[in-house]
$ cat coords-v8.txt   # compact mmCIF, C-alpha atoms
# COMPACT_ATOMS: atom_id res chain seq x y z
CA MET I 11 -44.11 30.43 -1.48
CA ALA I 12 -42.58 33.56 0.00
CA ILE I 13 -40.43 31.40 2.26
CA ALA I 14 -39.34 29.15 -0.61
CA ARG I 15 -38.40 32.20 -2.67
CA THR I 16 -36.41 33.80 0.13
CA VAL I 17 -34.63 30.57 1.06
CA ALA I 18 -33.82 29.96 -2.60
CA ALA I 19 -32.36 33.46 -2.91
CA ALA I 20 -30.32 33.05 0.28
CA MET I 21 -28.89 29.73 -0.93
CA ALA I 22 -28.08 31.23 -4.30
CA ALA I 23 -26.26 34.07 -2.57
CA ARG I 24 -24.27 31.62 -0.48
CA ALA I 25 -23.29 29.75 -3.64
CA ASP I 26 -21.72 32.97 -4.97
CA LEU I 27 -24.20 33.49 -7.76
CA THR I 28 -24.44 37.03 -9.10
CA LEU I 29 -27.27 39.32 -7.99
CA ASP I 30 -29.00 38.87 -11.33
CA GLN I 31 -28.73 35.10 -10.99
CA ILE I 32 -30.08 35.29 -7.45
CA GLU I 33 -33.10 37.13 -8.83
CA ASP I 34 -33.38 34.48 -11.55
CA VAL I 35 -33.40 31.71 -8.95
CA ARG I 36 -36.08 33.53 -6.98
CA LEU I 37 -38.23 33.98 -10.06
CA ALA I 38 -37.69 30.39 -11.22
CA MET I 39 -38.83 29.18 -7.79
CA ASP I 40 -41.89 31.38 -8.18
CA GLU I 41 -42.73 30.06 -11.65
CA GLY I 42 -42.06 26.44 -10.74
CA LEU I 43 -44.08 26.46 -7.54
CA ALA I 44 -46.94 28.39 -9.13
CA TYR I 45 -47.23 25.66 -11.77
CA ILE I 46 -46.94 22.71 -9.40
CA ILE I 47 -49.37 24.12 -6.87
CA GLU I 48 -51.88 24.57 -9.68
CA VAL I 49 -51.75 20.96 -10.90
CA VAL I 50 -51.52 19.01 -7.64
CA PRO I 51 -54.67 18.05 -5.73
CA ASP I 52 -55.73 20.11 -2.70
CA GLY I 53 -53.80 19.22 0.40
CA ALA I 54 -50.88 17.62 -1.46
CA ILE I 55 -47.45 18.22 0.02
CA VAL I 56 -44.94 19.93 -2.24
CA THR I 57 -41.30 19.44 -1.38
CA CYS I 58 -38.57 21.83 -2.47
CA GLU I 59 -35.07 20.51 -2.38
CA MET I 60 -32.13 22.73 -3.08
CA CYS I 61 -28.58 21.64 -3.36
CA VAL I 62 -25.38 23.64 -3.71
CA ALA I 63 -22.33 21.77 -4.97
CA ASP I 64 -19.33 22.73 -7.09
CA GLY I 65 -20.78 26.11 -7.89
CA ILE I 66 -24.07 24.68 -9.13
CA VAL I 67 -27.34 25.43 -7.42
CA SER I 68 -29.95 22.83 -8.26
CA ALA I 69 -33.58 22.71 -7.26
CA THR I 70 -36.07 19.86 -7.25
CA LEU I 71 -39.74 20.57 -6.70
CA ALA I 72 -41.80 17.45 -6.24
CA SER I 73 -45.32 16.43 -5.31
CA THR I 74 -48.02 13.89 -6.01
CA VAL I 75 -50.60 14.14 -8.77
CA ALA I 76 -53.92 12.35 -9.24
CA SER I 77 -53.23 11.23 -12.81
CA SER I 78 -50.44 11.29 -15.36
CA THR I 79 -52.36 13.62 -17.64
CA ILE I 80 -52.08 17.01 -16.05
CA ALA I 81 -52.22 20.51 -17.51
CA GLU I 82 -49.15 21.58 -19.45
CA PRO I 83 -47.32 24.56 -18.01
CA ASN I 84 -48.46 27.91 -19.33
CA PRO I 85 -46.21 28.49 -22.36
CA PHE I 86 -45.02 31.82 -20.97
CA ALA I 87 -44.17 30.32 -17.62
CA TRP I 88 -42.22 27.64 -19.46
CA THR I 89 -40.47 30.22 -21.65
CA VAL I 90 -39.48 32.22 -18.59
CA LEU I 91 -38.31 29.16 -16.68
CA THR I 92 -36.16 27.84 -19.52
CA ALA I 93 -34.72 31.30 -20.17
CA LEU I 94 -33.84 31.89 -16.52
CA VAL I 95 -32.36 28.57 -15.45
CA GLY I 96 -30.64 25.61 -17.08
CA ASP I 97 -31.48 21.95 -17.63
CA VAL I 98 -35.18 22.40 -16.90
CA ASP I 99 -36.71 18.97 -16.63
CA LEU I 100 -40.34 18.14 -15.95
CA ARG I 101 -41.38 14.54 -15.29
CA VAL I 102 -44.83 13.22 -14.55
CA ASP I 103 -45.23 9.52 -13.91
CA ASP I 104 -46.70 7.05 -11.43
CA GLY I 105 -48.70 9.72 -9.67
CA SER I 106 -45.73 11.94 -9.02
CA ILE I 107 -44.55 15.19 -10.53
CA ARG I 108 -41.00 16.43 -10.43
CA LEU I 109 -39.56 19.65 -11.76
CA GLN I 110 -35.81 20.16 -11.74
CA TRP I 111 -33.50 22.93 -12.84
CA ASN I 112 -30.10 24.31 -12.00
CA VAL I 113 -27.99 27.43 -12.23
CA ALA I 114 -24.20 27.41 -12.50
CA ARG I 115 -21.92 29.99 -10.94
CA ASP I 116 -20.43 32.46 -13.39
CA ALA I 117 -17.01 31.23 -14.52
CA SER I 118 -15.41 34.61 -13.71
CA VAL I 119 -16.45 34.52 -10.04
CA GLN I 120 -13.71 33.52 -7.64
CA ALA I 121 -15.44 31.65 -4.85
CA MET Q 12 -46.62 15.34 -23.18
CA SER Q 13 -43.17 16.75 -23.64
CA GLN Q 14 -43.40 15.68 -27.26
CA THR Q 15 -46.43 17.83 -27.97
CA ARG Q 16 -44.70 20.68 -26.27
CA GLN Q 17 -41.64 20.08 -28.37
CA SER Q 18 -43.51 20.26 -31.70
CA ALA Q 19 -45.48 23.34 -30.63
CA ASP Q 20 -42.20 24.95 -29.65
CA ASP Q 21 -40.65 24.09 -33.01
CA GLN Q 22 -43.55 25.64 -34.90
CA ARG Q 23 -43.40 28.78 -32.82
CA LEU Q 24 -39.64 29.05 -33.23
CA ALA Q 25 -39.90 28.65 -37.01
CA ALA Q 26 -42.54 31.41 -37.24
CA GLU Q 27 -40.40 33.60 -35.03
CA ARG Q 28 -37.30 33.01 -37.12
CA GLU Q 29 -39.18 33.97 -40.25
CA LEU Q 30 -40.35 37.24 -38.70
CA PHE Q 31 -36.82 38.15 -37.67
CA GLU Q 32 -35.52 37.30 -41.14
CA ARG Q 33 -38.09 39.69 -42.62
CA LEU Q 34 -37.12 42.33 -40.05
CA HIS Q 35 -33.50 42.14 -41.17
CA ASP Q 36 -34.31 41.75 -44.87
CA ALA Q 37 -32.30 44.44 -46.65
CA ASP Q 38 -34.76 44.49 -49.56
CA ALA Q 39 -37.79 45.16 -47.42
CA SER Q 40 -39.21 48.68 -47.28
CA ASP Q 41 -39.29 50.64 -44.03
CA ALA Q 42 -43.07 50.22 -43.88
CA GLU Q 43 -42.74 46.43 -44.17
CA ARG Q 44 -40.06 46.29 -41.52
CA SER Q 45 -42.11 48.48 -39.21
CA ALA Q 46 -45.14 46.18 -39.66
CA VAL Q 47 -43.03 43.11 -38.83
CA ARG Q 48 -41.61 44.86 -35.79
CA ASP Q 49 -45.14 45.68 -34.59
CA GLU Q 50 -46.13 42.05 -35.08
CA LEU Q 51 -43.15 40.85 -33.07
CA ILE Q 52 -43.99 43.27 -30.27
CA GLU Q 53 -47.64 42.21 -30.22
CA THR Q 54 -46.93 38.48 -30.21
CA HIS Q 55 -44.60 38.90 -27.26
CA MET Q 56 -46.81 41.19 -25.19
CA PRO Q 57 -48.27 38.24 -23.23
CA LEU Q 58 -44.69 37.44 -22.15
CA VAL Q 59 -44.28 41.04 -20.99
CA HIS Q 60 -47.51 40.86 -18.99
CA HIS Q 61 -46.51 37.54 -17.53
CA LEU Q 62 -43.18 38.92 -16.31
CA ALA Q 63 -44.66 42.21 -15.09
CA ARG Q 64 -47.22 40.32 -13.01
CA ARG Q 65 -44.37 38.56 -11.18
CA TYR Q 66 -43.43 41.98 -9.84
CA ALA Q 67 -46.98 43.05 -9.08
CA ASP Q 68 -46.67 42.92 -5.29
CA ARG Q 69 -43.58 45.05 -4.90
CA GLY Q 70 -45.10 48.44 -4.43
CA GLU Q 71 -44.87 49.89 -7.92
CA PRO Q 72 -47.99 50.34 -10.10
CA ILE Q 73 -48.30 47.35 -12.45
CA GLU Q 74 -48.89 49.77 -15.35
CA ASP Q 75 -45.45 51.31 -14.78
CA VAL Q 76 -43.80 47.91 -14.56
CA THR Q 77 -45.55 46.80 -17.76
CA GLN Q 78 -44.39 49.95 -19.49
CA VAL Q 79 -40.70 49.53 -18.66
CA ALA Q 80 -41.00 45.82 -19.49
CA THR Q 81 -42.46 46.70 -22.91
CA ILE Q 82 -39.55 49.04 -23.57
CA GLY Q 83 -37.26 46.16 -22.62
CA LEU Q 84 -39.05 43.95 -25.15
CA ILE Q 85 -38.67 46.53 -27.93
CA GLN Q 86 -34.96 46.88 -27.16
CA ALA Q 87 -34.63 43.10 -27.26
CA ILE Q 88 -36.37 42.92 -30.65
CA ASP Q 89 -34.15 45.66 -32.08
CA LYS Q 90 -30.93 44.12 -30.80
CA PHE Q 91 -31.64 40.42 -31.28
CA ASP Q 92 -29.43 38.75 -33.85
CA PRO Q 93 -31.20 35.65 -35.28
CA GLU Q 94 -27.92 34.54 -36.88
CA ARG Q 95 -26.60 33.52 -33.48
CA GLY Q 96 -28.96 30.58 -33.44
CA SER Q 97 -30.58 30.92 -30.03
CA ALA Q 98 -34.31 31.42 -29.51
CA PHE Q 99 -35.51 34.97 -29.16
CA SER Q 100 -37.14 34.29 -25.78
CA THR Q 101 -33.79 33.23 -24.31
CA TYR Q 102 -32.55 36.69 -25.19
CA ALA Q 103 -35.76 38.61 -24.51
CA VAL Q 104 -36.53 37.34 -20.99
CA PRO Q 105 -33.25 38.58 -19.43
CA THR Q 106 -33.51 41.87 -21.33
CA ILE Q 107 -37.07 42.49 -20.15
CA LEU Q 108 -36.19 41.45 -16.59
CA GLY Q 109 -33.18 43.75 -16.71
CA ALA Q 110 -35.46 46.67 -17.57
CA ILE Q 111 -37.86 45.77 -14.75
CA ARG Q 112 -35.06 45.35 -12.21
CA ARG Q 113 -33.46 48.65 -13.20
CA HIS Q 114 -36.83 50.31 -12.70
CA PHE Q 115 -37.08 48.91 -9.19
CA ARG Q 116 -33.50 49.83 -8.36
CA ASP Q 117 -34.08 53.41 -9.44
CA ALA Q 118 -37.50 53.80 -7.85
CA THR Q 119 -37.50 55.73 -4.61
CA TRP Q 120 -38.73 54.35 -1.34
CA SER Q 121 -42.21 55.30 -0.38
CA VAL Q 122 -41.65 54.31 3.23
CA LYS Q 123 -39.28 55.94 5.64
CA VAL Q 124 -36.38 53.64 6.47
CA PRO Q 125 -33.84 54.14 9.25
CA ARG Q 126 -30.85 56.25 8.34
CA ARG Q 127 -28.44 53.35 8.94
CA VAL Q 128 -30.31 51.24 6.41
CA GLN Q 129 -30.38 54.10 3.91
CA GLU Q 130 -26.64 54.69 4.26
CA LEU Q 131 -25.98 50.99 3.96
CA ARG Q 132 -28.06 50.83 0.83
CA GLY Q 133 -26.24 53.81 -0.63
CA LYS Q 134 -22.88 52.11 -0.05
CA ILE Q 135 -24.12 48.81 -1.44
CA ASP Q 136 -25.66 50.45 -4.51
CA ALA Q 137 -22.43 52.33 -5.24
CA ALA Q 138 -20.37 49.14 -4.88
CA HIS Q 139 -22.86 47.26 -7.06
CA ASP Q 140 -22.74 49.81 -9.87
CA ALA Q 141 -18.94 50.11 -9.82
CA LEU Q 142 -18.45 46.34 -9.82
CA ALA Q 143 -21.03 45.77 -12.57
CA GLN Q 144 -19.09 48.22 -14.71
CA GLU Q 145 -15.69 46.67 -13.97
CA LEU Q 146 -16.72 43.04 -14.25
CA GLY Q 147 -19.11 43.43 -17.15
CA ARG Q 148 -21.62 41.29 -15.25
CA SER Q 149 -23.75 41.46 -12.16
CA PRO Q 150 -21.60 41.10 -8.99
CA THR Q 151 -22.07 38.51 -6.23
CA VAL Q 152 -23.04 39.26 -2.65
CA ALA Q 153 -19.51 38.45 -1.45
CA GLU Q 154 -17.97 40.79 -4.02
CA ILE Q 155 -20.27 43.66 -2.99
CA ALA Q 156 -19.61 43.03 0.70
CA ALA Q 157 -15.84 43.13 0.14
CA ARG Q 158 -16.00 46.31 -1.94
CA ALA Q 159 -18.39 48.20 0.34
CA ASP Q 160 -16.61 46.86 3.43
CA VAL Q 161 -19.84 45.58 4.96
CA ASP Q 162 -21.04 42.23 6.23
CA PRO Q 163 -22.41 39.86 3.54
CA ALA Q 164 -25.50 39.42 5.73
CA ASP Q 165 -26.11 43.17 5.50
CA VAL Q 166 -25.97 42.99 1.71
CA LEU Q 167 -28.58 40.22 1.76
CA ASP Q 168 -30.74 42.17 4.20
CA SER Q 169 -30.54 45.22 2.01
CA LEU Q 170 -31.65 43.18 -1.00
CA GLU Q 171 -34.61 41.84 0.93
CA LEU Q 172 -35.48 45.34 2.11
CA SER Q 173 -35.47 46.77 -1.38
CA ARG Q 174 -38.23 44.29 -2.13
CA ALA Q 175 -40.25 45.32 0.90
CA ARG Q 176 -40.93 48.95 0.26
CA SER Q 177 -44.58 48.68 -0.65
CA THR Q 178 -47.10 50.62 1.33
CA ALA Q 179 -50.71 49.82 2.16
CA PRO Q 180 -53.44 52.33 2.97
CA ILE Q 181 -53.76 52.83 6.70
CA ASP Q 182 -57.48 52.06 6.51
CA ALA Q 183 -57.09 48.95 4.34
CA THR Q 184 -58.45 45.70 5.73
CA SER Q 185 -57.36 42.17 4.97
CA ASP Q 186 -58.72 38.82 6.14
CA GLY Q 187 -61.20 40.43 8.47
CA GLU Q 188 -58.46 42.13 10.44
CA ALA Q 189 -59.04 45.56 11.87
CA PRO Q 190 -57.54 48.31 9.71
CA LEU Q 191 -54.17 49.55 10.94
CA ALA Q 192 -55.62 52.98 11.67
CA ASP Q 193 -57.95 51.48 14.29
CA THR Q 194 -55.16 49.71 16.13
CA LEU Q 195 -52.97 52.80 16.51
CA GLY Q 196 -53.39 55.29 19.33
CA ASP Q 197 -54.05 58.97 18.66
CA LEU Q 198 -51.71 61.71 19.73
CA ASP Q 199 -52.78 62.72 23.21
CA ALA Q 200 -53.83 66.35 22.84
CA SER Q 201 -53.57 67.15 26.57
CA LEU Q 202 -50.03 65.75 26.68
CA THR Q 203 -49.03 68.00 23.81
CA ASP Q 204 -50.54 70.96 25.65
CA ILE Q 205 -48.54 70.21 28.78
CA GLU Q 206 -45.39 69.88 26.74
CA ASN Q 207 -45.98 73.21 25.02
CA ALA Q 208 -46.85 74.94 28.27
CA GLU Q 209 -43.64 73.71 29.86
CA THR Q 210 -41.56 74.95 26.94
CA ILE Q 211 -43.25 78.35 26.94
CA LYS Q 212 -42.83 78.71 30.68
CA ARG Q 213 -39.13 77.95 30.40
CA LEU Q 214 -38.68 80.39 27.53
CA LEU Q 215 -40.64 83.22 29.16
CA ALA Q 216 -38.32 82.98 32.13
CA THR Q 217 -35.45 84.07 29.86
CA LEU Q 218 -37.16 87.44 29.15
CA SER Q 219 -36.83 90.55 31.29
CA GLU Q 220 -39.83 91.35 33.51
CA ASN Q 221 -40.83 94.18 31.24
CA GLU Q 222 -40.72 92.01 28.13
CA ARG Q 223 -42.57 89.17 29.85
CA THR Q 224 -45.41 91.49 30.86
CA VAL Q 225 -45.84 92.82 27.31
CA VAL Q 226 -45.75 89.35 25.74
CA THR Q 227 -48.23 87.98 28.27
CA LEU Q 228 -50.64 90.87 27.75
CA ARG Q 229 -50.38 90.60 23.96
CA PHE Q 230 -50.57 86.84 23.44
CA PHE Q 231 -52.20 85.43 26.57
CA ASP Q 232 -54.63 88.20 27.40
CA GLY Q 233 -55.16 89.21 23.78
CA LEU Q 234 -54.71 92.97 24.30
CA THR Q 235 -53.82 95.22 21.33
CA GLN Q 236 -50.50 97.08 21.26
CA THR Q 237 -52.33 100.37 22.01
CA GLN Q 238 -54.13 98.84 25.02
CA ILE Q 239 -50.82 97.49 26.32
CA ALA Q 240 -49.18 100.89 25.84
CA GLU Q 241 -51.90 102.48 27.99
CA ARG Q 242 -51.68 99.73 30.63
CA VAL Q 243 -47.88 99.80 30.94
CA GLY Q 244 -47.45 103.54 30.40
CA VAL Q 245 -45.24 103.57 27.30
CA SER Q 246 -45.89 104.48 23.64
CA GLN Q 247 -47.36 102.00 21.16
CA MET Q 248 -44.09 102.20 19.18
CA GLN Q 249 -42.17 101.07 22.25
CA VAL Q 250 -44.58 98.17 22.78
CA SER Q 251 -44.00 97.16 19.17
CA ARG Q 252 -40.24 97.26 19.67
CA ILE Q 253 -40.41 95.28 22.93
CA LEU Q 254 -42.58 92.65 21.24
CA THR Q 255 -40.24 92.30 18.27
CA ARG Q 256 -37.23 91.96 20.54
CA SER Q 257 -39.00 89.49 22.85
CA LEU Q 258 -40.16 87.31 19.98
CA GLU Q 259 -36.63 87.22 18.61
CA LYS Q 260 -35.36 86.02 21.97
CA LEU Q 261 -38.12 83.42 22.23
CA ARG Q 262 -37.42 82.17 18.73
CA ALA Q 263 -33.70 81.91 19.45
CA GLY Q 264 -34.48 80.06 22.68
CA LEU Q 265 -36.79 77.67 20.85
CA ALA Q 266 -34.18 76.97 18.15
CA ALA Q 267 -31.55 76.31 20.83
CA GLY Q 268 -33.99 73.76 22.30
$ encode --input "coords-v8.txt" --output "structure tokens"
Amino acid sequence: MAIARTVAAAMAARADLTLDQIEDVRLAMDEGLAYIIEVVPDGAIVTCEMCVADGIVSATLASTVASSTIAEPNPFAWTVLTALVGDVDLRVDDGSIRLQWNVARDASVQA
Amino acid sequence: MSQTRQSADDQRLAAERELFERLHDADASDAERSAVRDELIETHMPLVHHLARRYADRGEPIEDVTQVATIGLIQAIDKFDPERGSAFSTYAVPTILGAIRRHFRDATWSVKVPRRVQELRGKIDAAHDALAQELGRSPTVAEIAARADVDPADVLDSLELSRARSTAPIDATSDGEAPLADTLGDLDASLTDIENAETIKRLLATLSENERTVVTLRFFDGLTQTQIAERVGVSQMQVSRILTRSLEKLRAGLAAG
């Protein structure tokens, strides 16, 4: 998780996000991974994909789950996640779980 | 499952909106408003704890982090304008995080860092604060690097470092590893003695023969000033003066390295 956080922060920095946004990305990675790691079975592989394009940093955390009825995210974790990053989307179907979100570069930043 | 979450969210938001309406109700008494404010603070304390815990491993006591986070929450409650239509949490989370991050930025380092890193951090902090003021938002790494005239990689490094200032007790153990204290060597006492002896020898050589004799008798042979006076054939007052003068020379020699 420490590696995922640091990589996320480094990518956010490269995408010219502000320092506060970089911290937001780091924290969102923390919240997202903490949730996914809790609901996936032991030994499952969690993939973190990050993409930087047109000033938007997007992240996709994905893994496999044993059933489609898994624990809801802790309401506070969800509150934090949705307050920190945009377009938070959680999908659970066909034995897979996918959590996506993105952060857009501040309009006043000249990249 | 997102539907159940949606309806729970709606209920919570409606309750929250009502509390904020009562907080801003012009007809309400101060006591009523204060009670509503307390209720808002209490219902959001779990959010404060949740956020504070995210910063638990960064070297500051969790109680301190929780305290600044709580102050952030209270500020958010006092400043939040329900008329603007957004949920309180969307406003509160950044405000609370801002308070926590300021606390970490202002906290001093408990570990000694190299001077170059300290200077770099000073420059970066100054550039950060100036830019934040000018831009009215948090600056980017590239903006800080340009302003402080440093490499963007150094700015990133400095950010990482400011997260890594926690200390652990030297005798702490983790995962069955030997405590750090056991893996470090002690200062070699005999080496220190040799070093001191060499320094003293060099310094004594700078004294006149007379002075050297008095110093040796006083500090190496442990004679009193009166005994030295008898041995050397001068008055005790003169011994005292020679000692004072010699010690001044030695001290000056020591300071000059």
$ interface_residues --input "coords-v8.txt" --of "chain Q" --to "chain I" --cutoff "6 Å" --atoms "all atoms listed in the file" --output "list in words"
Leu58, Thr101, Ser149, Pro150 and Thr151 of chain Q
$ closest_residue --input "coords-v8.txt" --among "Q:Asp160, Q:Leu34, Q:Leu108, Q:Leu254" --to "Tyr66 (chain Q)" --atoms "all atoms listed in the file"
Q:Leu108
$ residues_around --input "coords-v8.txt" --residues "region 55-61 of chain I" --least-positions-apart "6" --cutoff "7 Å" --atoms "all atoms listed in the file" --output "ChimeraX atom specification"
/I:67-73
$ atom_distance --input "coords-v8.txt" --atom1 "CA of Ala141 (chain Q)" --atom2 "CA of Glu154 (chain Q)"
11.0 Å
$ residues_around --input "coords-v8.txt" --residues "Val128 (chain Q)" --least-positions-apart "5" --cutoff "10 Å" --atoms "all atoms listed in the file" --output "number ranges by chain"
Q: 133-134, 165, 168-169, 172
$ residues_around --input "coords-v8.txt" --residues "region 255-267 of chain Q" --least-positions-apart "6" --cutoff "10 Å" --atoms "all atoms listed in the file" --output "ChimeraX atom specification"
/Q:210-211,213-219,221-223,225-226,249
$ closest_residue --input "coords-v8.txt" --among "I:Thr74, I:Arg36, I:Gly65, I:Trp88" --to "Val104 (chain Q)" --atoms "all atoms listed in the file"
I:Trp88
$ atom_distance --input "coords-v8.txt" --atom1 "CA of Thr77 (chain Q)" --atom2 "CA of Arg64 (chain Q)"
8.2 Å
$ closest_residue --input "coords-v8.txt" --among "Q:Ala98, Q:Asp68, Q:Val59, Q:Gly147" --to "Asp21 (chain Q)" --atoms "all atoms listed in the file"
Q:Ala98
$ atom_distance --input "coords-v8.txt" --atom1 "CA of Ala63 (chain Q)" --atom2 "CA of Ala80 (chain Q)"
6.8 Å
$ closest_residue --input "coords-v8.txt" --among "Q:Val166, Q:Ser100, Q:Thr237, Q:Arg48" --to "Asp20 (chain Q)" --atoms "all atoms listed in the file"
Q:Ser100
$ decode --input "coords-v8.txt" --residues "region 73-94 of chain Q" --atoms "N, CA and C atoms" --output "mmCIF file, in the first residue's frame"
data_model
loop_
_atom_site.group_PDB
_atom_site.id
_atom_site.type_symbol
_atom_site.label_atom_id
_atom_site.label_comp_id
_atom_site.auth_asym_id
_atom_site.auth_seq_id
_atom_site.Cartn_x
_atom_site.Cartn_y
_atom_site.Cartn_z
ATOM 1 N N ILE Q 73 -1.413 10.808 17.940
ATOM 2 C CA ILE Q 73 -2.741 10.778 17.336
ATOM 3 C C ILE Q 73 -3.691 11.726 18.077
ATOM 4 N N GLU Q 74 -3.458 11.921 19.377
ATOM 5 C CA GLU Q 74 -4.317 12.832 20.147
ATOM 6 C C GLU Q 74 -4.190 14.262 19.605
ATOM 7 N N ASP Q 75 -2.947 14.652 19.278
ATOM 8 C CA ASP Q 75 -2.717 15.999 18.746
ATOM 9 C C ASP Q 75 -3.391 16.159 17.388
ATOM 10 N N VAL Q 76 -3.249 15.121 16.554
ATOM 11 C CA VAL Q 76 -3.840 15.173 15.219
ATOM 12 C C VAL Q 76 -5.362 15.273 15.337
ATOM 13 N N THR Q 77 -5.931 14.461 16.249
ATOM 14 C CA THR Q 77 -7.379 14.483 16.453
ATOM 15 C C THR Q 77 -7.825 15.863 16.918
ATOM 16 N N GLN Q 78 -7.015 16.476 17.759
ATOM 17 C CA GLN Q 78 -7.388 17.787 18.288
ATOM 18 C C GLN Q 78 -7.420 18.854 17.185
ATOM 19 N N VAL Q 79 -6.377 18.904 16.353
ATOM 20 C CA VAL Q 79 -6.403 19.919 15.294
ATOM 21 C C VAL Q 79 -7.503 19.597 14.279
ATOM 22 N N ALA Q 80 -7.765 18.294 14.072
ATOM 23 C CA ALA Q 80 -8.824 17.893 13.143
ATOM 24 C C ALA Q 80 -10.186 18.333 13.681
ATOM 25 N N THR Q 81 -10.376 18.230 15.002
ATOM 26 C CA THR Q 81 -11.636 18.642 15.611
ATOM 27 C C THR Q 81 -11.839 20.146 15.456
ATOM 28 N N ILE Q 82 -10.747 20.901 15.623
ATOM 29 C CA ILE Q 82 -10.843 22.348 15.431
ATOM 30 C C ILE Q 82 -11.223 22.646 13.981
ATOM 31 N N GLY Q 83 -10.648 21.871 13.061
ATOM 32 C CA GLY Q 83 -11.010 22.009 11.649
ATOM 33 C C GLY Q 83 -12.486 21.753 11.425
ATOM 34 N N LEU Q 84 -13.023 20.729 12.096
ATOM 35 C CA LEU Q 84 -14.448 20.402 11.975
ATOM 36 C C LEU Q 84 -15.306 21.564 12.480
ATOM 37 N N ILE Q 85 -14.945 22.107 13.635
ATOM 38 C CA ILE Q 85 -15.730 23.206 14.216
ATOM 39 C C ILE Q 85 -15.713 24.420 13.291
ATOM 40 N N GLN Q 86 -14.535 24.704 12.714
ATOM 41 C CA GLN Q 86 -14.454 25.820 11.752
ATOM 42 C C GLN Q 86 -15.357 25.557 10.558
ATOM 43 N N ALA Q 87 -15.361 24.298 10.099
ATOM 44 C CA ALA Q 87 -16.182 23.942 8.940
ATOM 45 C C ALA Q 87 -17.667 24.137 9.266
ATOM 46 N N ILE Q 88 -18.064 23.718 10.459
ATOM 47 C CA ILE Q 88 -19.474 23.864 10.860
ATOM 48 C C ILE Q 88 -19.856 25.342 10.914
ATOM 49 N N ASP Q 89 -18.958 26.160 11.476
ATOM 50 C CA ASP Q 89 -19.270 27.582 11.620
ATOM 51 C C ASP Q 89 -19.306 28.311 10.277
ATOM 52 N N LYS Q 90 -18.522 27.826 9.309
ATOM 53 C CA LYS Q 90 -18.441 28.555 8.049
ATOM 54 C C LYS Q 90 -19.335 27.993 6.952
ATOM 55 N N PHE Q 91 -19.835 26.770 7.160
ATOM 56 C CA PHE Q 91 -20.591 26.112 6.097
ATOM 57 C C PHE Q 91 -21.898 26.859 5.812
ATOM 58 N N ASP Q 92 -22.141 27.049 4.505
ATOM 59 C CA ASP Q 92 -23.355 27.744 4.100
ATOM 60 C C ASP Q 92 -24.286 26.745 3.402
ATOM 61 N N PRO Q 93 -25.344 26.277 4.104
ATOM 62 C CA PRO Q 93 -26.209 25.235 3.520
ATOM 63 C C PRO Q 93 -26.943 25.721 2.272
ATOM 64 N N GLU Q 94 -27.030 27.039 2.108
ATOM 65 C CA GLU Q 94 -27.733 27.597 0.948
ATOM 66 C C GLU Q 94 -27.034 27.226 -0.362
#
